[in-house]
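The block underneath contains the structure these notes are about, expressed in structure tokens.
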2 protein chains.
Amino acid sequence: MVISSSQSSSAEQQSCPHNNAISCGNCRLGSICLPLALEGEDIVKLDEIVQRGRPIQKGEHLYRESDNFSSVYAVRSGVIKAYRITNDGQEQVTGFYFPGEIIGIDGISKDQYACSAKALETSAVCEIPFNRLEELSRQVPSMQRHFFQLMSQEITMDQQLITMLSKNSAEERVAALLISISARNARRKLSKTSFRLPMSRTDIGNFLGLTVETVSRVISRFNKQGLIAVESKEVTLLDLEGLKDIANIKIDF
Amino acid sequence: MVISSSQSSSAEQQSCPHNNAISCGNCRLGSICLPLALEGEDIVKLDEIVQRGRPIQKGEHLYRESDNFSSVYAVRSGVIKAYRITNDGQEQVTGFYFPGEIIGIDGISKDQYACSAKALETSAVCEIPFNRLEELSRQVPSMQRHFFQLMSQEITMDQQLITMLSKNSAEERVAALLISISARNARRKLSKTSFRLPMSRTDIGNFLGLTVETVSRVISRFNKQGLIAVESKEVTLLDLEGLKDIANIKIDF
DNA sequence: GGGTTTTCCTGATGTAGGTCAACGTGTTCT
DNA sequence: AGAACACGTTGACCTACATCAGGAAAACCC
């Protein structure tokens, strides 16, 4: 079944309506997901190995835990949730991936994905077959460097989350997540203060190591205090500085 | 100042008493820290870039957070603690590194180390200058693959820790750490049931997101229940299966 | 070798956030 | 449109772990 991608309506998609016209060279996410140093010729090489598939519907999986690892994916539009199932059957959300971000690199170590990846809304991704990427990395030093950096960045982000989970209060965690989403929106030239939370409260709680009830209470409290204005999933950050004070950490995850 | 390395007395050191006689080819940790696929000739190439420095004394730093990144390090003997300082000045332990394990790759993303690395006991490390490693990775595909895997492994380990911090009880966490250390000892052909905890209770608590008191209480409880036998830092795991039941997770961090 | 400092243990008490429960509000399906 | 269901909010209560506090035992160090 082929689904026409022109139905998609996210901000990112609108700017490049025809799928087959998209290339890494003209993608407006390039500066986020690509090495800035990549030269014209090298972008063409990268372009050749990148596969742009049909959109993924909300709730659909990009891949599942323990599927054979073959590709990493760049999110082009939508939001992807990464999660794993613990031994006792609980879900643990390990990250949310926004446009321009790369997902799937945790699969390299064991040649199978360590997480499942599920679309939280209709999403589009660029598939990058890993063996071709490895080849390209050998030919193009800046590409190799970029990929090492990307992986290292994932590590430092995880370490920030570790720190948060072991040291910060519920309010600090929720504030940190709001600021993180805000910052990632800003990178994509979207509003830094007004956006839609693509994930459920349950997912937020799960990611932050809190229960739904606690997340809900903290958000309500922020709302009452005039720090934010919430209407279900729509959020406006009214006092970004105040939130940063509460979060009390430098974040870029 | 040069410190004679013959003073060192750890198990790993004893097997290769003369520093300058050590090479990646004859190091008994090779199968842990090196790509298994590396061929004779390639090991020589790796050997040429690896620098074996003087031992690091207990409490000494290998590098500090925000030092310029230049090298990754393979622990040859001893134990290294990685930690970062949070905005409000608290320490957060992000990992313990045993012989055969690689530390420092978190520094790649920003070209400066994201953590500080401190020796918990007199240790020896192999320094691997990263730019030379990058070069070598381009020439030797299996080397590049190995390094990607190493980084990816660090990510999955961090994600396991994240899961533990957000889902597991104090007892589960402590049991998991004990089993992890046991497993890492086994990899090095050391006792899986009897060893010395190289880190303080404070460090354990910090790493596991618990207070010293809680760690101490849990360890005492395990002791009373006959799961382990502790005398200060010396531990014997009396009921490995029982501990695994408690830990309730597959661990390899 | 004895004093100082650090580490470890254990008990008493407090609290942030979990649990349980009930109800309101969207969303989906027929 | 109305039933069925997932999601979100709020309140009352509870518990695992933090905090505070004191004392014992190592470890360090003139």
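Residues are referred to by chain and number: the chain letter is A, B, ... according to the order shown in the structure tokens, the number counts from 1 in that chain, and ligands are numbered separately from 1 in the order shown.
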Excluding same-chain residues fewer than 5 positions from range 130-145 of chain A, what lies within 8 Å of it counting only C-alpha atoms (C1' of nucleotides), as a PyMOL selection string?
(chain A and resi 35+37-38+42+45-46+49+70-72) or (chain B and resi 134+137-139+141+144-145)
Can you tell me which residues surround Gln51 in chain A at a distance of at most 9 Å, considering only C-alpha atoms (C1' of nucleotides), apart from same-chain residues fewer than 5 positions away, and format the answer as a VMD selection string?
chain A and resid 125 to 129
Quick one: everything within 12 Å of DG26 in chain C, counting only C-alpha atoms (C1' of nucleotides), minus sequence neighbours fewer than 6 positions away in the same chain. Send it as a list in words.
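Within the cut-off, the hits are Glu231, Ser232 and Lys233 of chain A; DC5, DA6, DC7 and DG8 of chain D.
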Go ahead and save the picked residues with C-alpha atoms (C1' of nucleotides), as a PDB file, in the first residue's frame.
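What ended up in out.pdb:
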```pdb
ATOM      1  CA  GLU A 231      -4.801  23.318  27.466  1.00  0.00           C
ATOM      2  CA  SER A 232      -4.541  19.557  27.229  1.00  0.00           C
ATOM      3  CA  LYS A 233      -1.519  19.068  24.921  1.00  0.00           C
TER       4      LYS A 233
ATOM      5  C1'  DC D   5     -12.416   3.471  25.958  1.00  0.00           C
ATOM      6  C1'  DA D   6      -8.110   5.849  26.534  1.00  0.00           C
ATOM      7  C1'  DC D   7      -6.395   9.895  28.678  1.00  0.00           C
ATOM      8  C1'  DG D   8      -6.110  13.589  32.211  1.00  0.00           C
TER       9       DG D   8
END
```
For DA4 in chain D, find every residue with an atom within 10 Å (counting only C-alpha atoms (C1' of nucleotides)), except residues of its own chain fewer than 2 positions away, and show them as a PyMOL selection string.
(chain C and resi 28-29) or (chain D and resi 2+6)
Could you write those residues out with C-alpha atoms (C1' of nucleotides), as a tab-separated table (two decimals), in the first residue's frame?
```tsv
chain	number	residue	atom	x	y	z
C	28	DT	C1'	-12.76	6.31	18.25
C	29	DC	C1'	-15.87	3.25	16.50
D	2	DG	C1'	-24.14	7.53	21.66
D	6	DA	C1'	-8.11	5.85	26.53
```
Distance filter 9 Å, only C-alpha atoms (C1' of nucleotides), chain A against chain D, as a tab-separated table (two decimals) with N, CA and C atoms, in the first residue's frame:
```tsv
chain	number	residue	atom	x	y	z
A	200	SER	N	1.97	11.62	25.46
A	200	SER	CA	0.99	11.60	26.54
A	200	SER	C	1.67	11.89	27.87
A	201	ARG	N	0.85	12.22	28.86
A	201	ARG	CA	1.40	12.42	30.22
A	201	ARG	C	2.06	11.14	30.71
A	202	THR	N	1.46	10.02	30.35
A	202	THR	CA	2.02	8.73	30.74
A	202	THR	C	3.44	8.58	30.19
A	212	VAL	N	2.08	9.13	36.16
A	212	VAL	CA	1.20	10.09	35.46
A	212	VAL	C	0.67	11.13	36.42
A	213	GLU	N	0.21	10.66	37.57
A	213	GLU	CA	-0.41	11.56	38.54
A	213	GLU	C	0.54	12.68	38.93
A	216	SER	N	0.94	15.13	36.07
A	216	SER	CA	-0.28	15.93	35.95
A	216	SER	C	-0.31	17.02	37.03
A	217	ARG	N	0.01	16.63	38.25
A	217	ARG	CA	0.01	17.59	39.36
A	217	ARG	C	1.04	18.70	39.15
A	220	SER	N	-0.19	21.03	36.45
A	220	SER	CA	-1.26	21.88	37.00
A	220	SER	C	-0.68	22.99	37.87
A	232	SER	N	-4.86	20.95	27.57
A	232	SER	CA	-4.54	19.56	27.23
A	232	SER	C	-3.10	19.47	26.68
```
Given a cut-off of 10 Å, which residues of chain A touch chain C, counting only C-alpha atoms (C1' of nucleotides), written out as a list in words?
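Every residue meeting the condition is included here: Ser169, Ala170, Leu210, Thr211, Glu213, Thr214 and Ser232 of chain A.
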Output N, CA, C and O atoms of each residue in that selection to a file, as a compact mmCIF listing (two decimals), in the first residue's frame.
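selection.txt, freshly written:
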```txt
# COMPACT_ATOMS: atom_id res chain seq x y z
N SER A 169 14.14 16.68 41.55
CA SER A 169 12.75 16.50 41.98
C SER A 169 11.82 16.45 40.77
O SER A 169 12.22 16.76 39.64
N ALA A 170 10.59 16.08 41.04
CA ALA A 170 9.59 15.99 39.98
C ALA A 170 9.46 17.33 39.24
O ALA A 170 9.45 17.37 38.01
N LEU A 210 8.58 9.18 36.65
CA LEU A 210 7.51 9.64 37.53
C LEU A 210 6.20 8.96 37.14
O LEU A 210 6.10 8.40 36.05
N THR A 211 5.20 9.03 38.00
CA THR A 211 3.89 8.50 37.62
C THR A 211 3.09 9.57 36.89
O THR A 211 3.41 10.76 36.97
N GLU A 213 0.21 10.66 37.57
CA GLU A 213 -0.41 11.56 38.54
C GLU A 213 0.54 12.68 38.93
O GLU A 213 0.15 13.86 38.97
N THR A 214 1.77 12.33 39.18
CA THR A 214 2.75 13.35 39.56
C THR A 214 2.96 14.35 38.43
O THR A 214 2.98 15.56 38.66
N SER A 232 -4.86 20.95 27.57
CA SER A 232 -4.54 19.56 27.23
C SER A 232 -3.10 19.47 26.68
O SER A 232 -2.18 19.65 27.46
```
Return as number ranges by chain the full set of residues in range 9-228 of chain B whose backbone-based DSSP assignment is helix (DSSP H, G or I).
B: 11-14, 19-21, 30-33, 40-49, 105-107, 130-139, 141-167, 170-187, 201-208, 212-224
List every residue of range 94-150 of chain A that DSSP, applied to the backbone of this structure, places in strand (DSSP E), and write the result as a tab-separated table (two decimals) with N, CA, C and O atoms, in the first residue's frame.
```tsv
chain	number	residue	atom	x	y	z
A	94	THR	N	13.01	5.76	26.57
A	94	THR	CA	14.41	6.19	26.63
A	94	THR	C	14.66	7.49	25.88
A	94	THR	O	15.72	8.08	26.01
A	95	GLY	N	13.68	7.92	25.09
A	95	GLY	CA	13.87	9.20	24.42
A	95	GLY	C	12.75	9.55	23.46
A	95	GLY	O	11.98	8.69	23.03
A	96	PHE	N	12.67	10.83	23.17
A	96	PHE	CA	11.76	11.33	22.14
A	96	PHE	C	12.62	11.95	21.05
A	96	PHE	O	13.54	12.71	21.34
A	97	TYR	N	12.33	11.63	19.81
A	97	TYR	CA	13.17	12.11	18.71
A	97	TYR	C	12.38	13.03	17.80
A	97	TYR	O	11.37	12.64	17.23
A	102	ILE	N	18.64	11.86	15.06
A	102	ILE	CA	18.95	10.53	14.54
A	102	ILE	C	18.60	9.47	15.57
A	102	ILE	O	18.97	9.59	16.73
A	103	ILE	N	17.92	8.44	15.13
A	103	ILE	CA	17.50	7.38	16.04
A	103	ILE	C	17.97	6.02	15.52
A	103	ILE	O	18.06	5.82	14.31
A	116	SER	N	12.60	-0.21	20.94
A	116	SER	CA	11.59	-0.11	19.91
A	116	SER	C	11.38	1.36	19.60
A	116	SER	O	11.58	2.21	20.46
A	117	ALA	N	10.99	1.65	18.37
A	117	ALA	CA	10.76	3.04	17.96
A	117	ALA	C	9.36	3.15	17.36
A	117	ALA	O	9.03	2.45	16.41
A	118	LYS	N	8.56	4.02	17.93
A	118	LYS	CA	7.15	4.11	17.59
A	118	LYS	C	6.79	5.56	17.31
A	118	LYS	O	7.22	6.46	18.03
A	119	ALA	N	5.99	5.78	16.28
A	119	ALA	CA	5.60	7.15	15.93
A	119	ALA	C	4.51	7.66	16.86
A	119	ALA	O	3.52	6.98	17.08
A	124	ALA	N	7.70	11.21	9.16
A	124	ALA	CA	8.49	10.78	8.01
A	124	ALA	C	9.94	10.67	8.45
A	124	ALA	O	10.41	11.47	9.26
A	125	VAL	N	10.62	9.66	7.96
A	125	VAL	CA	12.02	9.47	8.33
A	125	VAL	C	12.86	9.21	7.09
A	125	VAL	O	12.35	8.75	6.06
A	126	CYS	N	14.13	9.51	7.19
A	126	CYS	CA	15.09	9.11	6.17
A	126	CYS	C	15.86	7.91	6.70
A	126	CYS	O	16.44	7.97	7.79
A	127	GLU	N	15.84	6.84	5.94
A	127	GLU	CA	16.56	5.64	6.37
A	127	GLU	C	17.98	5.69	5.83
A	127	GLU	O	18.21	5.96	4.66
A	128	ILE	N	18.93	5.43	6.70
A	128	ILE	CA	20.34	5.45	6.29
A	128	ILE	C	20.94	4.09	6.58
A	128	ILE	O	21.25	3.77	7.72
A	129	PRO	N	21.07	3.26	5.55
A	129	PRO	CA	21.62	1.91	5.77
A	129	PRO	C	23.01	2.01	6.38
A	129	PRO	O	23.86	2.73	5.86
```
When distances are computed from only C-alpha atoms, which of B:Arg54, B:Lys110, B:Arg64, B:Arg76 shows the smallest separation from chain A?
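Using only C-alpha atoms, the shortest distance to chain A belongs to B:Lys110.
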Show me, as JSON lines, the residues of chain A having an atom within 6 Å of chain B, each with the closest atom pair and its distance in Å, using only C-alpha atoms.
```
{"residue": "A:Asn87", "atom": "CA", "partner": "B:Ile249", "partner_atom": "CA", "distance": 5.8}
{"residue": "A:Asp106", "atom": "CA", "partner": "B:Ser152", "partner_atom": "CA", "distance": 5.0}
{"residue": "A:Ile108", "atom": "CA", "partner": "B:Gln149", "partner_atom": "CA", "distance": 5.5}
{"residue": "A:Ser109", "atom": "CA", "partner": "B:Gln149", "partner_atom": "CA", "distance": 4.1}
{"residue": "A:Arg138", "atom": "CA", "partner": "B:Arg138", "partner_atom": "CA", "distance": 4.5}
{"residue": "A:Gln149", "atom": "CA", "partner": "B:Ser109", "partner_atom": "CA", "distance": 4.1}
{"residue": "A:Ser152", "atom": "CA", "partner": "B:Ser109", "partner_atom": "CA", "distance": 5.0}
{"residue": "A:Gln153", "atom": "CA", "partner": "B:Ser109", "partner_atom": "CA", "distance": 5.1}
{"residue": "A:Ile155", "atom": "CA", "partner": "B:Ile155", "partner_atom": "CA", "distance": 5.5}
{"residue": "A:Ile162", "atom": "CA", "partner": "B:Ile162", "partner_atom": "CA", "distance": 5.6}
{"residue": "A:Ser166", "atom": "CA", "partner": "B:Gly209", "partner_atom": "CA", "distance": 4.4}
{"residue": "A:Gly209", "atom": "CA", "partner": "B:Ser166", "partner_atom": "CA", "distance": 4.4}
{"residue": "A:Ile249", "atom": "CA", "partner": "B:Asn87", "partner_atom": "CA", "distance": 5.8}
```
Export of the given selection (N, CA and C atoms) as a CSV table (one decimal), in the first residue's frame:
```csv
chain,number,residue,atom,x,y,z
A,87,ASN,N,12.4,-6.5,32.1
A,87,ASN,CA,12.2,-7.9,32.3
A,87,ASN,C,10.8,-8.2,32.9
A,106,ASP,N,21.7,2.9,18.9
A,106,ASP,CA,21.9,1.9,19.9
A,106,ASP,C,21.9,0.5,19.4
A,108,ILE,N,23.8,-0.7,17.0
A,108,ILE,CA,25.1,-1.1,16.4
A,108,ILE,C,25.8,-2.1,17.3
A,109,SER,N,25.7,-1.9,18.6
A,109,SER,CA,26.6,-2.8,19.4
A,109,SER,C,26.3,-4.3,19.3
A,138,ARG,N,34.4,6.0,5.9
A,138,ARG,CA,35.8,5.7,5.6
A,138,ARG,C,36.4,6.6,4.5
A,149,GLN,N,30.7,11.9,16.7
A,149,GLN,CA,30.2,13.0,17.5
A,149,GLN,C,28.7,12.8,17.9
A,152,SER,N,28.6,10.1,20.5
A,152,SER,CA,29.1,10.6,21.7
A,152,SER,C,28.0,11.6,22.4
A,153,GLN,N,27.4,12.3,21.5
A,153,GLN,CA,26.3,13.2,22.0
A,153,GLN,C,25.2,12.5,22.6
A,155,ILE,N,25.5,9.7,24.2
A,155,ILE,CA,26.0,9.3,25.5
A,155,ILE,C,25.9,10.4,26.5
A,162,ILE,N,20.5,10.5,33.3
A,162,ILE,CA,20.8,9.7,34.5
A,162,ILE,C,21.0,10.7,35.7
A,166,SER,N,18.6,10.7,39.1
A,166,SER,CA,19.1,10.4,40.4
A,166,SER,C,19.2,11.5,41.4
A,209,GLY,N,10.8,9.1,34.9
A,209,GLY,CA,10.8,8.3,36.1
A,209,GLY,C,9.8,8.8,37.1
A,249,ILE,N,19.3,23.0,35.5
A,249,ILE,CA,20.4,22.3,34.8
A,249,ILE,C,20.6,22.9,33.4
```
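Here CA of Ser180 in chain B is placed at a distance of 16.8 Å from CA of Val230 in chain B.
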Would you pick out the contacts of Leu197 in chain B at 12 Å or less, using only C-alpha atoms (C1' of nucleotides), so that residues sharing its chain but fewer than 4 positions from it are not included, and give the list as a PyMOL selection string?
chain B and resi 78-79+96+98+120-121+177-182+185+193+201+203-204+230-237
Would you put the residues from that selection into a file with C-alpha atoms, as a compact mmCIF listing (two decimals), in the first residue's frame?
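again.txt written:
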```txt
# COMPACT_ATOMS: atom_id res chain seq x y z
CA GLY B 78 42.91 -0.60 38.79
CA VAL B 79 39.52 1.08 38.62
CA PHE B 96 33.07 2.65 37.08
CA PHE B 98 37.45 -1.88 35.10
CA LEU B 120 39.86 4.70 42.85
CA GLU B 121 43.08 2.79 43.36
CA LEU B 177 25.64 -3.63 40.80
CA LEU B 178 27.06 -6.59 42.66
CA ILE B 179 26.17 -8.91 39.80
CA SER B 180 27.60 -6.49 37.27
CA ILE B 181 30.94 -6.39 39.07
CA SER B 182 30.88 -10.15 39.40
CA ASN B 185 35.42 -10.05 37.03
CA THR B 193 31.94 -14.64 43.81
CA ARG B 201 29.54 3.19 49.79
CA ASP B 203 30.20 6.27 45.40
CA ILE B 204 27.92 3.27 45.11
CA VAL B 230 30.75 -8.63 53.68
CA GLU B 231 33.69 -7.44 55.65
CA SER B 232 34.10 -3.75 54.90
CA LYS B 233 35.08 -3.75 51.20
CA GLU B 234 35.59 -7.48 50.79
CA VAL B 235 32.48 -9.19 49.45
CA THR B 236 31.61 -12.79 48.79
CA LEU B 237 28.47 -13.51 46.84
```
Would you kindly return, as a list of chain:residue names, each protein, DNA or RNA residue with an atom no farther than 10 Å from any atom of Ser123 in chain A, considering only C-alpha atoms (C1' of nucleotides) and excluding same-chain residues fewer than 5 positions away?
A:Ser8, A:Ser9, A:Ser10, A:Gln13, A:Arg54, A:Pro55, A:Ile56, A:Gln57, A:Lys58, A:Glu60, A:Leu62, A:Val75, A:Arg76, A:Ser77, A:Gly78, A:Val79, A:Ile80, A:Phe98, A:Pro99, A:Lys118
